[in-house]
$ cat final_19.cif   # mmCIF, C-alpha atoms
data_run
#
loop_
_atom_site.group_PDB
_atom_site.id
_atom_site.type_symbol
_atom_site.label_atom_id
_atom_site.label_comp_id
_atom_site.auth_asym_id
_atom_site.auth_seq_id
_atom_site.Cartn_x
_atom_site.Cartn_y
_atom_site.Cartn_z
ATOM 1 C CA MET A 1 0.000 0.000 0.000
ATOM 2 C CA SER A 2 1.109 3.561 -0.654
ATOM 3 C CA LEU A 3 1.809 5.885 2.284
ATOM 4 C CA LYS A 4 -1.270 7.893 1.312
ATOM 5 C CA ASN A 5 -3.503 4.809 1.467
ATOM 6 C CA ILE A 6 -1.984 3.690 4.782
ATOM 7 C CA ARG A 7 -2.648 7.123 6.297
ATOM 8 C CA LEU A 8 -6.209 7.034 5.015
ATOM 9 C CA GLU A 9 -6.689 3.582 6.522
ATOM 10 C CA VAL A 10 -5.338 4.782 9.887
ATOM 11 C CA MET A 11 -7.618 7.847 9.815
ATOM 12 C CA GLN A 12 -10.606 5.630 9.078
ATOM 13 C CA HIS A 13 -9.581 3.295 11.915
ATOM 14 C CA LEU A 14 -9.365 6.196 14.394
ATOM 15 C CA GLU A 15 -12.454 7.984 13.104
ATOM 16 C CA LYS A 16 -14.723 5.753 15.166
ATOM 17 C CA ASP A 17 -13.467 7.548 18.300
ATOM 18 C CA ALA A 18 -14.005 11.082 16.980
ATOM 19 C CA GLU A 19 -17.292 11.542 18.815
ATOM 20 C CA THR A 20 -15.655 10.529 22.101
ATOM 21 C CA LEU A 21 -12.826 12.998 21.479
ATOM 22 C CA ILE A 22 -15.292 15.807 20.794
ATOM 23 C CA GLU A 23 -17.009 15.100 24.115
ATOM 24 C CA LYS A 24 -13.641 14.896 25.897
ATOM 25 C CA TYR A 25 -12.019 18.064 24.569
ATOM 26 C CA LEU A 26 -14.752 20.441 23.365
ATOM 27 C CA ILE A 27 -17.373 22.155 25.510
ATOM 28 C CA PRO A 28 -21.079 22.124 24.547
ATOM 29 C CA ILE A 29 -22.258 25.424 23.053
ATOM 30 C CA GLU A 30 -24.818 25.985 25.794
ATOM 31 C CA LYS A 31 -22.121 25.734 28.491
ATOM 32 C CA ILE A 32 -19.097 27.502 27.018
ATOM 33 C CA TRP A 33 -18.328 31.221 27.400
ATOM 34 C CA GLN A 34 -19.320 33.682 24.687
ATOM 35 C CA PRO A 35 -17.659 36.999 23.690
ATOM 36 C CA THR A 36 -20.450 39.066 25.238
ATOM 37 C CA ASP A 37 -19.572 37.622 28.653
ATOM 38 C CA PHE A 38 -16.418 39.789 28.597
ATOM 39 C CA LEU A 39 -17.697 42.909 26.837
ATOM 40 C CA PRO A 40 -19.975 45.794 27.811
ATOM 41 C CA ASP A 41 -23.660 44.960 27.393
ATOM 42 C CA SER A 42 -24.957 47.234 24.625
ATOM 43 C CA GLU A 43 -28.487 46.910 26.036
ATOM 44 C CA SER A 44 -27.420 48.137 29.454
ATOM 45 C CA GLU A 45 -27.726 51.740 30.666
ATOM 46 C CA ASN A 46 -24.143 51.383 31.910
ATOM 47 C CA PHE A 47 -22.806 50.585 28.418
ATOM 48 C CA TYR A 48 -21.147 53.959 27.801
ATOM 49 C CA GLU A 49 -19.565 54.028 31.251
ATOM 50 C CA GLU A 50 -18.118 50.557 30.710
ATOM 51 C CA VAL A 51 -16.723 51.594 27.331
ATOM 52 C CA LYS A 52 -15.139 54.659 28.938
ATOM 53 C CA GLU A 53 -13.478 52.384 31.490
ATOM 54 C CA ILE A 54 -12.054 50.180 28.714
ATOM 55 C CA ARG A 55 -10.691 53.255 26.931
ATOM 56 C CA ALA A 56 -9.161 54.633 30.128
ATOM 57 C CA LEU A 57 -7.454 51.355 31.017
ATOM 58 C CA SER A 58 -6.236 50.962 27.435
ATOM 59 C CA LYS A 59 -4.175 54.127 27.734
ATOM 60 C CA GLU A 60 -2.013 52.401 30.353
ATOM 61 C CA LEU A 61 -0.849 49.694 27.944
ATOM 62 C CA PRO A 62 2.248 50.392 25.782
ATOM 63 C CA TYR A 63 2.597 50.398 21.989
ATOM 64 C CA ASP A 64 4.314 47.010 21.690
ATOM 65 C CA PHE A 65 1.550 45.387 23.742
ATOM 66 C CA TRP A 66 -1.083 46.615 21.271
ATOM 67 C CA VAL A 67 0.932 45.404 18.293
ATOM 68 C CA VAL A 68 1.042 41.900 19.774
ATOM 69 C CA LEU A 69 -2.649 41.919 20.722
ATOM 70 C CA VAL A 70 -3.583 43.054 17.217
ATOM 71 C CA GLY A 71 -1.367 40.389 15.645
ATOM 72 C CA ASP A 72 -2.909 37.715 17.864
ATOM 73 C CA MET A 73 -6.400 38.888 16.922
ATOM 74 C CA ILE A 74 -5.653 38.923 13.185
ATOM 75 C CA THR A 75 -4.228 35.408 13.467
ATOM 76 C CA GLU A 76 -7.446 34.256 15.150
ATOM 77 C CA GLU A 77 -9.615 36.047 12.586
ATOM 78 C CA ALA A 78 -7.959 34.146 9.705
ATOM 79 C CA LEU A 79 -9.874 31.074 10.895
ATOM 80 C CA PRO A 80 -11.561 30.447 7.496
ATOM 81 C CA THR A 81 -8.127 29.579 6.092
ATOM 82 C CA TYR A 82 -7.422 27.050 8.834
ATOM 83 C CA GLU A 83 -10.805 25.352 8.581
ATOM 84 C CA SER A 84 -10.659 25.033 4.795
ATOM 85 C CA TRP A 85 -7.138 23.575 5.055
ATOM 86 C CA LEU A 86 -8.090 20.975 7.666
ATOM 87 C CA MET A 87 -11.256 20.040 5.799
ATOM 88 C CA ASP A 88 -9.055 18.978 2.868
ATOM 89 C CA VAL A 89 -6.839 16.646 4.915
ATOM 90 C CA GLU A 90 -6.857 12.963 3.912
ATOM 91 C CA GLY A 91 -9.525 11.117 5.881
ATOM 92 C CA VAL A 92 -11.580 14.198 6.764
ATOM 93 C CA GLY A 93 -14.893 13.535 5.018
ATOM 94 C CA GLN A 94 -16.276 16.935 4.171
ATOM 95 C CA VAL A 95 -18.970 15.629 1.808
ATOM 96 C CA GLU A 96 -20.083 12.567 3.759
ATOM 97 C CA ARG A 97 -19.569 14.481 7.057
ATOM 98 C CA ASN A 98 -17.671 11.801 8.958
ATOM 99 C CA GLY A 99 -16.364 12.009 12.533
ATOM 100 C CA TRP A 100 -13.221 13.916 11.544
ATOM 101 C CA SER A 101 -15.127 16.626 9.686
ATOM 102 C CA LYS A 102 -17.443 16.947 12.700
ATOM 103 C CA TRP A 103 -14.363 17.503 14.860
ATOM 104 C CA VAL A 104 -13.058 20.211 12.513
ATOM 105 C CA ARG A 105 -16.420 22.024 12.436
ATOM 106 C CA HIS A 106 -16.865 21.922 16.217
ATOM 107 C CA TRP A 107 -13.227 22.944 16.809
ATOM 108 C CA THR A 108 -13.711 25.847 14.385
ATOM 109 C CA ALA A 109 -16.860 26.927 16.211
ATOM 110 C CA GLU A 110 -14.926 27.159 19.486
ATOM 111 C CA GLU A 111 -11.968 28.955 17.918
ATOM 112 C CA ASN A 112 -14.245 31.457 16.167
ATOM 113 C CA ARG A 113 -15.124 33.102 19.477
ATOM 114 C CA HIS A 114 -11.497 34.151 20.070
ATOM 115 C CA GLY A 115 -11.280 36.502 17.116
ATOM 116 C CA ASP A 116 -14.766 37.827 17.850
ATOM 117 C CA VAL A 117 -14.049 38.894 21.423
ATOM 118 C CA LEU A 118 -10.610 40.363 20.666
ATOM 119 C CA ASN A 119 -11.913 42.223 17.624
ATOM 120 C CA LYS A 120 -14.721 43.875 19.596
ATOM 121 C CA TYR A 121 -12.391 44.737 22.460
ATOM 122 C CA LEU A 122 -9.876 46.370 20.120
ATOM 123 C CA TYR A 123 -12.679 48.351 18.492
ATOM 124 C CA LEU A 124 -13.846 49.679 21.863
ATOM 125 C CA SER A 125 -10.335 50.399 23.164
ATOM 126 C CA GLY A 126 -9.759 53.496 21.037
ATOM 127 C CA ARG A 127 -6.071 52.596 20.730
ATOM 128 C CA VAL A 128 -5.939 51.037 17.272
ATOM 129 C CA ASN A 129 -6.725 51.796 13.640
ATOM 130 C CA MET A 130 -9.471 49.263 12.994
ATOM 131 C CA ARG A 131 -9.668 49.906 9.250
ATOM 132 C CA GLU A 132 -5.990 49.053 8.786
ATOM 133 C CA ILE A 133 -6.433 45.981 10.960
ATOM 134 C CA GLU A 134 -9.444 44.880 8.919
ATOM 135 C CA LYS A 135 -7.490 45.253 5.680
ATOM 136 C CA THR A 136 -4.616 43.185 7.083
ATOM 137 C CA THR A 137 -7.088 40.492 8.145
ATOM 138 C CA GLN A 138 -8.668 40.418 4.712
ATOM 139 C CA TYR A 139 -5.251 40.191 3.070
ATOM 140 C CA LEU A 140 -4.270 37.295 5.336
ATOM 141 C CA ILE A 141 -7.403 35.318 4.485
ATOM 142 C CA ALA A 142 -7.108 36.143 0.769
ATOM 143 C CA ASP A 143 -3.406 35.207 0.646
ATOM 144 C CA GLY A 144 -3.960 31.948 2.507
ATOM 145 C CA PHE A 145 -0.999 30.005 3.814
ATOM 146 C CA ASP A 146 1.168 26.980 3.177
ATOM 147 C CA ILE A 147 2.285 25.213 6.338
ATOM 148 C CA GLY A 148 4.165 22.470 4.530
ATOM 149 C CA THR A 149 1.819 19.654 5.539
ATOM 150 C CA ASP A 150 0.111 18.981 2.199
ATOM 151 C CA ARG A 151 -3.014 16.833 2.860
ATOM 152 C CA ASP A 152 -1.104 14.491 5.189
ATOM 153 C CA PRO A 153 -3.045 14.010 8.472
ATOM 154 C CA TYR A 154 0.099 12.969 10.367
ATOM 155 C CA LYS A 155 1.924 16.191 9.480
ATOM 156 C CA ASN A 156 -1.187 18.313 10.053
ATOM 157 C CA PHE A 157 -1.721 16.888 13.532
ATOM 158 C CA VAL A 158 1.925 17.577 14.430
ATOM 159 C CA TYR A 159 1.373 21.137 13.239
ATOM 160 C CA THR A 160 -1.839 21.684 15.193
ATOM 161 C CA SER A 161 -0.369 20.077 18.334
ATOM 162 C CA PHE A 162 2.505 22.549 18.165
ATOM 163 C CA GLN A 163 0.495 25.576 17.109
ATOM 164 C CA GLU A 164 -2.231 25.252 19.717
ATOM 165 C CA LEU A 165 0.422 25.179 22.435
ATOM 166 C CA ALA A 166 2.123 28.224 20.891
ATOM 167 C CA THR A 167 -1.140 30.195 20.947
ATOM 168 C CA PHE A 168 -1.684 29.146 24.564
ATOM 169 C CA VAL A 169 1.719 30.633 25.436
ATOM 170 C CA SER A 170 1.018 33.856 23.551
ATOM 171 C CA HIS A 171 -2.469 34.529 24.947
ATOM 172 C CA ASN A 172 -1.400 33.533 28.465
ATOM 173 C CA ARG A 173 1.559 35.943 28.425
ATOM 174 C CA VAL A 174 -0.626 38.771 27.094
ATOM 175 C CA ALA A 175 -3.028 38.075 29.963
ATOM 176 C CA LYS A 176 -0.194 38.430 32.476
ATOM 177 C CA LEU A 177 0.983 41.717 30.949
ATOM 178 C CA ALA A 178 -2.555 43.118 31.001
ATOM 179 C CA LYS A 179 -3.040 42.068 34.629
ATOM 180 C CA ALA A 180 0.267 43.710 35.626
ATOM 181 C CA LYS A 181 -1.049 46.973 34.178
ATOM 182 C CA GLY A 182 -4.298 46.688 36.142
ATOM 183 C CA ASN A 183 -6.476 45.659 33.201
ATOM 184 C CA LYS A 184 -8.220 42.716 34.852
ATOM 185 C CA GLN A 185 -10.995 42.468 32.245
ATOM 186 C CA LEU A 186 -8.611 42.071 29.317
ATOM 187 C CA ALA A 187 -6.413 39.740 31.378
ATOM 188 C CA LYS A 188 -9.361 37.472 32.141
ATOM 189 C CA MET A 189 -10.403 37.471 28.487
ATOM 190 C CA CYS A 190 -6.966 36.450 27.234
ATOM 191 C CA LYS A 191 -6.580 33.911 30.029
ATOM 192 C CA ILE A 192 -9.768 32.089 29.118
ATOM 193 C CA ILE A 193 -8.792 32.097 25.427
ATOM 194 C CA SER A 194 -5.483 30.508 26.400
ATOM 195 C CA GLY A 195 -7.429 27.845 28.287
ATOM 196 C CA ASP A 196 -9.320 26.945 25.113
ATOM 197 C CA GLU A 197 -6.028 26.711 23.214
ATOM 198 C CA MET A 198 -4.564 24.341 25.807
ATOM 199 C CA ARG A 199 -7.592 22.037 25.584
ATOM 200 C CA HIS A 200 -7.255 21.984 21.812
ATOM 201 C CA HIS A 201 -3.536 21.256 22.108
ATOM 202 C CA HIS A 202 -4.250 18.235 24.278
ATOM 203 C CA ALA A 203 -6.785 17.004 21.712
ATOM 204 C CA TYR A 204 -4.431 17.171 18.740
ATOM 205 C CA ALA A 205 -1.595 15.710 20.818
ATOM 206 C CA GLU A 206 -3.824 12.752 21.625
ATOM 207 C CA PHE A 207 -4.588 12.304 17.908
ATOM 208 C CA VAL A 208 -0.827 11.949 17.346
ATOM 209 C CA GLU A 209 -0.494 9.534 20.284
ATOM 210 C CA ARG A 210 -3.171 7.333 18.755
ATOM 211 C CA ILE A 211 -1.375 7.321 15.398
ATOM 212 C CA PHE A 212 1.929 6.442 17.081
ATOM 213 C CA ALA A 213 0.171 3.417 18.596
ATOM 214 C CA VAL A 214 -0.766 1.975 15.174
ATOM 215 C CA ASP A 215 1.811 3.417 12.741
ATOM 216 C CA PRO A 216 4.869 4.443 14.787
ATOM 217 C CA SER A 217 7.512 4.632 12.052
ATOM 218 C CA GLN A 218 5.546 6.821 9.665
ATOM 219 C CA MET A 219 4.302 9.035 12.506
ATOM 220 C CA MET A 220 7.945 9.485 13.577
ATOM 221 C CA MET A 221 8.919 10.389 10.029
ATOM 222 C CA ALA A 222 6.113 12.960 9.857
ATOM 223 C CA PHE A 223 7.208 14.540 13.148
ATOM 224 C CA HIS A 224 10.801 14.626 11.900
ATOM 225 C CA TYR A 225 9.736 16.210 8.610
ATOM 226 C CA MET A 226 7.748 18.989 10.298
ATOM 227 C CA MET A 227 10.480 19.888 12.767
ATOM 228 C CA LYS A 228 13.256 19.751 10.188
ATOM 229 C CA GLN A 229 11.462 22.240 7.974
ATOM 230 C CA LYS A 230 10.361 24.228 11.083
ATOM 231 C CA ILE A 231 6.813 25.092 12.079
ATOM 232 C CA ALA A 232 5.518 28.031 10.057
ATOM 233 C CA MET A 233 3.256 30.283 12.106
ATOM 234 C CA PRO A 234 -0.299 30.576 10.691
ATOM 235 C CA ALA A 235 0.142 34.318 10.066
ATOM 236 C CA HIS A 236 3.475 34.001 8.243
ATOM 237 C CA PHE A 237 1.936 35.739 5.186
ATOM 238 C CA LEU A 238 0.946 38.741 7.307
ATOM 239 C CA ARG A 239 1.039 42.094 5.521
ATOM 240 C CA GLU A 240 -0.236 45.628 5.913
ATOM 241 C CA SER A 241 -2.249 47.548 3.334
ATOM 242 C CA GLY A 242 -0.255 48.780 0.370
ATOM 243 C CA ASN A 243 2.605 46.353 1.023
ATOM 244 C CA SER A 244 3.624 42.978 -0.323
ATOM 245 C CA ILE A 245 4.222 39.966 1.906
ATOM 246 C CA SER A 246 7.640 40.841 3.279
ATOM 247 C CA THR A 247 8.561 42.167 6.698
ATOM 248 C CA ALA A 248 5.282 42.465 8.621
ATOM 249 C CA PHE A 249 5.353 39.022 10.219
ATOM 250 C CA GLU A 250 9.049 39.292 11.053
ATOM 251 C CA GLU A 251 8.453 42.644 12.757
ATOM 252 C CA PHE A 252 5.418 41.288 14.588
ATOM 253 C CA SER A 253 7.557 38.350 15.788
ATOM 254 C CA ASN A 254 10.312 40.741 16.882
ATOM 255 C CA THR A 255 7.762 42.701 18.909
ATOM 256 C CA ALA A 256 6.413 39.539 20.553
ATOM 257 C CA GLN A 257 9.962 38.472 21.443
ATOM 258 C CA ARG A 258 10.923 41.922 22.714
ATOM 259 C CA ILE A 259 8.115 41.954 25.295
ATOM 260 C CA GLY A 260 8.426 38.235 26.060
ATOM 261 C CA VAL A 261 5.052 37.102 24.710
ATOM 262 C CA TYR A 262 6.406 34.430 22.369
ATOM 263 C CA THR A 263 10.119 33.829 21.912
ATOM 264 C CA SER A 264 12.484 31.477 20.115
ATOM 265 C CA ALA A 265 13.096 29.825 23.491
ATOM 266 C CA ASP A 266 9.343 29.125 23.699
ATOM 267 C CA TYR A 267 9.538 27.406 20.302
ATOM 268 C CA VAL A 268 12.239 25.085 21.637
ATOM 269 C CA ASP A 269 10.304 24.500 24.858
ATOM 270 C CA ILE A 270 7.196 23.482 22.911
ATOM 271 C CA LEU A 271 9.260 21.057 20.842
ATOM 272 C CA GLN A 272 10.632 19.500 24.037
ATOM 273 C CA LYS A 273 7.134 19.254 25.510
ATOM 274 C CA LEU A 274 5.943 17.354 22.425
ATOM 275 C CA ILE A 275 8.942 15.001 22.581
ATOM 276 C CA ASP A 276 8.137 14.309 26.239
ATOM 277 C CA ARG A 277 4.375 14.060 25.722
ATOM 278 C CA TRP A 278 4.736 11.506 22.940
ATOM 279 C CA ASP A 279 7.546 9.686 24.794
ATOM 280 C CA ILE A 280 9.621 9.783 21.624
ATOM 281 C CA GLY A 281 12.635 8.186 23.290
ATOM 282 C CA ASN A 282 10.688 5.005 24.059
ATOM 283 C CA ILE A 283 8.654 4.422 20.882
ATOM 284 C CA LYS A 284 9.005 0.765 19.848
ATOM 285 C CA ASP A 285 9.150 -1.114 16.532
ATOM 286 C CA LEU A 286 10.673 1.627 14.396
ATOM 287 C CA THR A 287 12.251 1.113 10.996
ATOM 288 C CA ASP A 288 15.915 2.054 10.566
ATOM 289 C CA GLU A 289 14.876 5.292 8.864
ATOM 290 C CA ALA A 290 12.490 6.141 11.693
ATOM 291 C CA GLU A 291 15.222 5.391 14.255
ATOM 292 C CA LYS A 292 17.432 7.989 12.560
ATOM 293 C CA ALA A 293 14.516 10.427 12.587
ATOM 294 C CA ARG A 294 14.062 9.805 16.323
ATOM 295 C CA ASP A 295 17.761 10.471 16.964
ATOM 296 C CA TYR A 296 17.501 13.759 15.083
ATOM 297 C CA LEU A 297 14.441 14.825 17.089
ATOM 298 C CA MET A 298 15.975 13.926 20.455
ATOM 299 C CA LYS A 299 19.032 16.100 19.759
ATOM 300 C CA LEU A 300 17.146 18.961 18.143
ATOM 301 C CA PRO A 301 16.044 20.979 21.233
ATOM 302 C CA SER A 302 19.589 21.482 22.540
ATOM 303 C CA ARG A 303 20.814 22.462 19.077
ATOM 304 C CA MET A 304 17.972 24.955 18.615
ATOM 305 C CA LEU A 305 18.447 26.401 22.100
ATOM 306 C CA ARG A 306 22.059 27.271 21.301
ATOM 307 C CA LEU A 307 20.850 29.151 18.226
ATOM 308 C CA ALA A 308 18.089 30.881 20.197
ATOM 309 C CA ASP A 309 20.596 32.104 22.768
ATOM 310 C CA ARG A 310 22.526 33.898 20.018
ATOM 311 C CA LEU A 311 19.486 35.579 18.518
ATOM 312 C CA VAL A 312 19.524 39.390 18.694
ATOM 313 C CA ILE A 313 16.154 41.164 18.728
ATOM 314 C CA PRO A 314 15.983 44.794 17.492
ATOM 315 C CA GLU A 315 15.352 47.210 20.354
ATOM 316 C CA ASN A 316 13.427 49.733 18.285
ATOM 317 C CA SER A 317 9.729 49.212 17.597
ATOM 318 C CA PHE A 318 8.567 48.903 13.995
ATOM 319 C CA GLN A 319 5.807 51.382 13.181
ATOM 320 C CA PHE A 320 2.736 49.417 12.173
ATOM 321 C CA LYS A 321 -0.272 51.116 10.599
ATOM 322 C CA TRP A 322 -2.458 49.277 13.110
ATOM 323 C CA VAL A 323 -1.382 51.257 16.181
ATOM 324 C CA GLU A 324 -0.503 54.905 16.698
ATOM 325 C CA PRO A 325 2.599 55.506 18.825
ATOM 326 C CA ALA A 326 1.738 56.227 22.472
#
$ encode --input "final_19.cif" --output "structure tokens"
Amino acid sequence: MSLKNIRLEVMQHLEKDAETLIEKYLIPIEKIWQPTDFLPDSESENFYEEVKEIRALSKELPYDFWVVLVGDMITEEALPTYESWLMDVEGVGQVERNGWSKWVRHWTAEENRHGDVLNKYLYLSGRVNMREIEKTTQYLIADGFDIGTDRDPYKNFVYTSFQELATFVSHNRVAKLAKAKGNKQLAKMCKIISGDEMRHHHAYAEFVERIFAVDPSQMMMAFHYMMKQKIAMPAHFLRESGNSISTAFEEFSNTAQRIGVYTSADYVDILQKLIDRWDIGNIKDLTDEAEKARDYLMKLPSRMLRLADRLVIPENSFQFKWVEPA
């Protein structure tokens, strides 16, 4: 059998448990939080006072913080790209609506709330240029992305396992910065978003664990492939209006590193967490090629950490169109 057919067979074998995984890792719509739980109630007589409070607290947060929050929001708002990509993965039955496509739809429904709440908060804050942000978001969705996974479920689940943990780190750090500046409402909002991301990380990591149990060598090769080429962030095609895809994502990443929201050291830490979670050092019955892939992966964190330690981040802030200087 070809690798493609083997992967499809494995996905069909695991698909029977999709419903159980949805119940385990996703929260029913009637029970989960909604964006309005963290925003001023537009039907309330206190609406304008609550908006004034948001605007007052927003003045206490520095320029780089807003750049990172905007970048995080735009990344969340590009959700249509992520759903359409996952719906095309081998074994995800979009037409016949199998268990995997149900997972993708329900996961998307949960993720959709993140962009909604951050978008509305940014609009009310009075600190950002919403029209420029909206254009960047539209560009990002229109440009799409290529995360190097093709339609391979093994590679895609490595990617999502990594990326969900990365977004947990980012939102959680933003929450801590907001709390330190006395903005408890924004801190709580970002904290609960990070909680969603961690749940989703555990789900995708379990998908990979289940594949390791039935096809260890090819799952190891997929993990090796993704880490050798490096995990591309979902907003790597980020650009501002009037510009081509060039420096915007790099400058956004520099800003996130400068204020400690998401750093190259975090990338290495996530890799190590995945190696530990999947117990890579003790996977049995590997082919010779997969054994070499395992050796590469086990040594990779220390190699990457040495590179991360030498990385120099520019001290000066890039001027984005999204945010006016304080």
$ residues_near_point --input "final_19.cif" --point "(-17.0, 32.4, 21.1)" --cutoff "6 Å" --atoms "all atoms listed in the file" --output "count of residues only"
6
$ resolve_selection --input "final_19.cif" --expression "the PyMOL selection byres ((chain A and resi 118) around 9)" --output "PyMOL selection string"
chain A and resi 35+69-70+72-73+76+113-117+119-123+189-190
$ write_last_selection --input "final_19.cif" --atoms "C-alpha atoms" --output "short mmCIF file (atom, residue, chain, number, x, y, z; two decimals), in the frame of the given file"
data_model
loop_
_atom_site.label_atom_id
_atom_site.label_comp_id
_atom_site.auth_asym_id
_atom_site.auth_seq_id
_atom_site.Cartn_x
_atom_site.Cartn_y
_atom_site.Cartn_z
CA PRO A 35 -17.66 37.00 23.69
CA LEU A 69 -2.65 41.92 20.72
CA VAL A 70 -3.58 43.05 17.22
CA ASP A 72 -2.91 37.72 17.86
CA MET A 73 -6.40 38.89 16.92
CA GLU A 76 -7.45 34.26 15.15
CA ARG A 113 -15.12 33.10 19.48
CA HIS A 114 -11.50 34.15 20.07
CA GLY A 115 -11.28 36.50 17.12
CA ASP A 116 -14.77 37.83 17.85
CA VAL A 117 -14.05 38.89 21.42
CA ASN A 119 -11.91 42.22 17.62
CA LYS A 120 -14.72 43.88 19.60
CA TYR A 121 -12.39 44.74 22.46
CA LEU A 122 -9.88 46.37 20.12
CA TYR A 123 -12.68 48.35 18.49
CA MET A 189 -10.40 37.47 28.49
CA CYS A 190 -6.97 36.45 27.23
#
$ closest_residue --input "final_19.cif" --among "A:Leu79, A:Ala18, A:Ile141, A:Ile280" --to "A:Gly99" --atoms "only C-alpha atoms"
A:Ala18
$ residues_around --input "final_19.cif" --residues "A:Ala235" --least-positions-apart "2" --cutoff "9 Å" --atoms "all atoms listed in the file" --output "ChimeraX atom specification"
/A:71,74-75,78,140,144-145,232-233,237-238,249
$ closest_residue --input "final_19.cif" --among "A:Ile275, A:Val89, A:Ile245, A:Val214" --to "A:Asp152" --atoms "only C-alpha atoms"
A:Val89
$ residues_near_point --input "final_19.cif" --point "(1.4, 19.2, 1.6)" --cutoff "12 Å" --atoms "only C-alpha atoms" --output "PyMOL selection string"
chain A and resi 4+85-86+88-90+145-156+159+222+225-226
$ residues_around --input "final_19.cif" --residues "A:Trp322" --least-positions-apart "6" --cutoff "9 Å" --atoms "all atoms listed in the file" --output "list in words"
Trp66, Val67, Val70, Val128, Asn129, Met130, Arg131, Glu132, Ile133, Thr136 and Glu240 of chain A
$ closest_atom_pairs --input "final_19.cif" --of "stretch 168-215 of chain A" --to "stretch 8-11 of chain A" --cutoff "10 Å" --atoms "only C-alpha atoms" --output "CSV"
residue,atom,partner,partner_atom,distance
A:Phe207,CA,A:Met11,CA,9.7
A:Arg210,CA,A:Val10,CA,9.5
A:Ile211,CA,A:Val10,CA,7.2
A:Val214,CA,A:Val10,CA,7.5
A:Asp215,CA,A:Val10,CA,7.8
$ resolve_selection --input "final_19.cif" --expression "the PyMOL selection byres ((chain A and resi 87) around 10)" --output "PyMOL selection string"
chain A and resi 82-86+88-95+100-105+151
$ build_atoms --input "final_19.cif" --residues "stretch 213-224 of chain A" --atoms "N, CA, C and O atoms" --output "compact mmCIF listing (two decimals), in the coordinates of the input"
# COMPACT_ATOMS: atom_id res chain seq x y z
N ALA A 213 0.50 4.76 18.11
CA ALA A 213 0.17 3.42 18.60
C ALA A 213 -0.05 2.42 17.46
O ALA A 213 0.17 1.21 17.65
N VAL A 214 -0.46 2.90 16.27
CA VAL A 214 -0.77 1.98 15.17
C VAL A 214 0.20 2.09 13.99
O VAL A 214 0.32 1.17 13.19
N ASP A 215 0.89 3.22 13.87
CA ASP A 215 1.81 3.42 12.74
C ASP A 215 3.02 4.23 13.21
O ASP A 215 3.26 5.35 12.75
N PRO A 216 3.81 3.66 14.13
CA PRO A 216 4.87 4.44 14.79
C PRO A 216 5.95 4.98 13.85
O PRO A 216 6.37 6.13 14.00
N SER A 217 6.41 4.19 12.90
CA SER A 217 7.51 4.63 12.05
C SER A 217 7.12 5.81 11.17
O SER A 217 7.85 6.81 11.07
N GLN A 218 5.95 5.72 10.54
CA GLN A 218 5.55 6.82 9.66
C GLN A 218 5.14 8.06 10.46
O GLN A 218 5.34 9.19 10.00
N MET A 219 4.60 7.87 11.66
CA MET A 219 4.30 9.04 12.51
C MET A 219 5.59 9.71 12.93
O MET A 219 5.69 10.95 12.96
N MET A 220 6.64 8.93 13.23
CA MET A 220 7.94 9.48 13.58
C MET A 220 8.53 10.26 12.40
O MET A 220 9.08 11.36 12.57
N MET A 221 8.40 9.72 11.21
CA MET A 221 8.92 10.39 10.03
C MET A 221 8.18 11.71 9.77
O MET A 221 8.79 12.70 9.37
N ALA A 222 6.89 11.73 10.04
CA ALA A 222 6.11 12.96 9.86
C ALA A 222 6.54 14.03 10.87
O ALA A 222 6.68 15.22 10.52
N PHE A 223 6.74 13.62 12.11
CA PHE A 223 7.21 14.54 13.15
C PHE A 223 8.58 15.10 12.77
O PHE A 223 8.83 16.31 12.84
N HIS A 224 9.46 14.22 12.33
CA HIS A 224 10.80 14.63 11.90
C HIS A 224 10.73 15.62 10.75
O HIS A 224 11.41 16.66 10.75
